[in-house]
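Everything on this sheet refers to the single structure shown next.
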Amino acid sequence: MQNANSAPDVPRILATVDSRHYAIDRLLEPVRWLFRITSLTVLTVMVSLPFIQVVLREIFSRPIVGVEELTRFMLICSVFLALPYVVAAGANIRMEELVAMLPERVLRMLKVLTGATAAATFAVMAFASLVAIRSNLDNATPTLGIPYWIFLGAAFASFTMTAIECAVQLLKVLQNRPLYITFPMEEEPPADFDPVAEQRS
C-alpha cells in the first residue's frame with residue numbers, strides 16, 4: 001500500500017498510514033484487533049463447518065443437526081464483524097482513480113460530507129439494532145435455538161464501531177490527515193527488498 005509520503009499524485013486524505021501513527025488510531029487499535037480476530041475466527045468456523053458436515057455425512061453417516069443454520073449464522077456475523085475494518089482501511093469500493101482527479105477543495109468537501117453522513121447513518125443503524133434486540137429477546141432460530149439477540153448483537157457492535165470509524169475519518173479530514181489505516185504486517189516491503197538475501201543474513 002502507498003503511504004502519504006510515497007504517493008504525491010494521490011491527495012493526502014486518500015493515503016494510508018500505519019495504524020499506530022496517530023494517537024486516536026493507537027487508542028482504537030485494541031478494539032480493531034478484537035474485531036479482526038473475532039471475524040477471522042468466525043470465518044474459519046464458517047468455512048470448516050460444511051467440510052466437517054460432508055465428512056460426517058458421507059463417511060460416518062452421522063451428520064450434525066443444524067449445521068446449515070449455524071453456517072448461516074456465522075456468515076451473517078462474519079460480514080458484520082469485518083465491516084468496521086473494511087471502512088477503516090478504505091477497502092470498500094471508492095473509485096479512487098476518479099476521486100483523485102477532483103480538485104483538492106472539492107474532494108475535501110465531499111469527504112467531510114461523506115464522513116458526517118456515514119457516521120450519522122451507522123449511528124442510527126446501531127440504535128435500530130439495539131431496539132430490535134429489545135424486541136426479540138425471546139425469539140430464537142427454529143433448529144438450534146440460537147437467540148436472535150446474538151445476530152442483532154453482532155449488528156449493533158458492528159454498526160457502533162463503524163460509526164466511530166467514520167467519525168474518526170471525519171476528524172482526520174478536518175485536520176487534513178490521511179484517512180485510512182493499515183496494520184504494520186500489511187505494509188508492502190520496500191522496492192529493493194530481497195527475501196533470499198534477507199534469509200541468508
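If you're wondering about the labels, chains in the C-alpha cells are A, B, ... by order shown, residues count from 1 in each chain, ligands from 1 in order shown.
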All strand (DSSP E) positions in region 11-188 of chain A, as a count of residues only: 6
Please list as a PyMOL selection string every residue within 8 Å of region 80-90 of chain A, counting only C-alpha atoms and excluding residues in the same chain fewer than 4 positions away. chain A and resi 16+32+35-36+38-39+76+94+154-155+157-159+161-162+165-166+169+179-182
Please produce a file of the residues just selected, as a CSV table (one decimal), in the first residue's frame, where the atoms kept are C-alpha atoms.
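Result file follows (out-v5.csv):
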```csv
chain,number,residue,atom,x,y,z
A,16,THR,CA,-2.9,5.2,4.1
A,32,ARG,CA,-9.8,-3.0,15.9
A,35,PHE,CA,-12.9,-7.2,15.6
A,36,ARG,CA,-10.3,-8.6,13.2
A,38,THR,CA,-13.2,-12.3,16.0
A,39,SER,CA,-14.2,-12.0,12.4
A,76,ILE,CA,-24.0,-13.1,9.0
A,94,ARG,CA,-14.3,4.1,-3.6
A,154,ALA,CA,-23.2,-8.6,16.1
A,155,ALA,CA,-25.0,-5.9,14.0
A,157,ALA,CA,-21.4,-3.9,17.7
A,158,SER,CA,-20.5,-3.6,14.0
A,159,PHE,CA,-22.6,-0.5,13.3
A,161,MET,CA,-17.7,0.6,15.7
A,162,THR,CA,-18.3,1.6,12.1
A,165,GLU,CA,-14.5,4.8,12.4
A,166,CYS,CA,-16.5,7.2,10.2
A,169,GLN,CA,-12.3,9.8,9.4
A,179,LEU,CA,-8.0,8.8,6.3
A,180,TYR,CA,-7.2,5.1,6.1
A,181,ILE,CA,-5.1,2.9,8.3
A,182,THR,CA,-3.1,-0.3,7.8
```
Enumerate, as a PyMOL selection string, the complete set of residues in region 31-189 of chain A that a backbone-based DSSP assignment places in helix (DSSP H, G or I). chain A and resi 31-58+67-89+96-99+104-135+148-174+184-186
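With only C-alpha atoms as the atoms that count, the residue of A:Ile13, A:Val55, A:Met125, A:Leu113 with the shortest distance to Ala167 (chain A) is A:Leu113.
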Just want the 10 Å neighbourhood of Leu107 (chain A), counted on only C-alpha atoms, with same-chain residues fewer than 6 positions away dropped. Output as a VMD selection string. chain A and resid 11 13 to 14 99 to 101 113 173
Pick from A:Glu29, A:Gly153, A:Ala15, A:Asn176, whichever lies nearest to Arg105 (chain A) using only C-alpha atoms: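 Closest candidate: A:Asn176.
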Quick one: distance from CA of Leu110 (chain A) to CA of Val168 (chain A) in Å, one decimal?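 Computed distance, CA of Leu110 (chain A) to CA of Val168 (chain A), equals 15.5 Å.
We find CA of Arg72 (chain A) and CA of Ser135 (chain A) to be spaced 21.7 Å apart.
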If you count only C-alpha atoms, which residues fall within 12 Å of Leu102 (chain A), apart from same-chain ones fewer than 4 positions away, as a count of residues only? 14
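Here CA of Gln53 (chain A) stands at a distance of 15.9 Å from CA of Thr143 (chain A).
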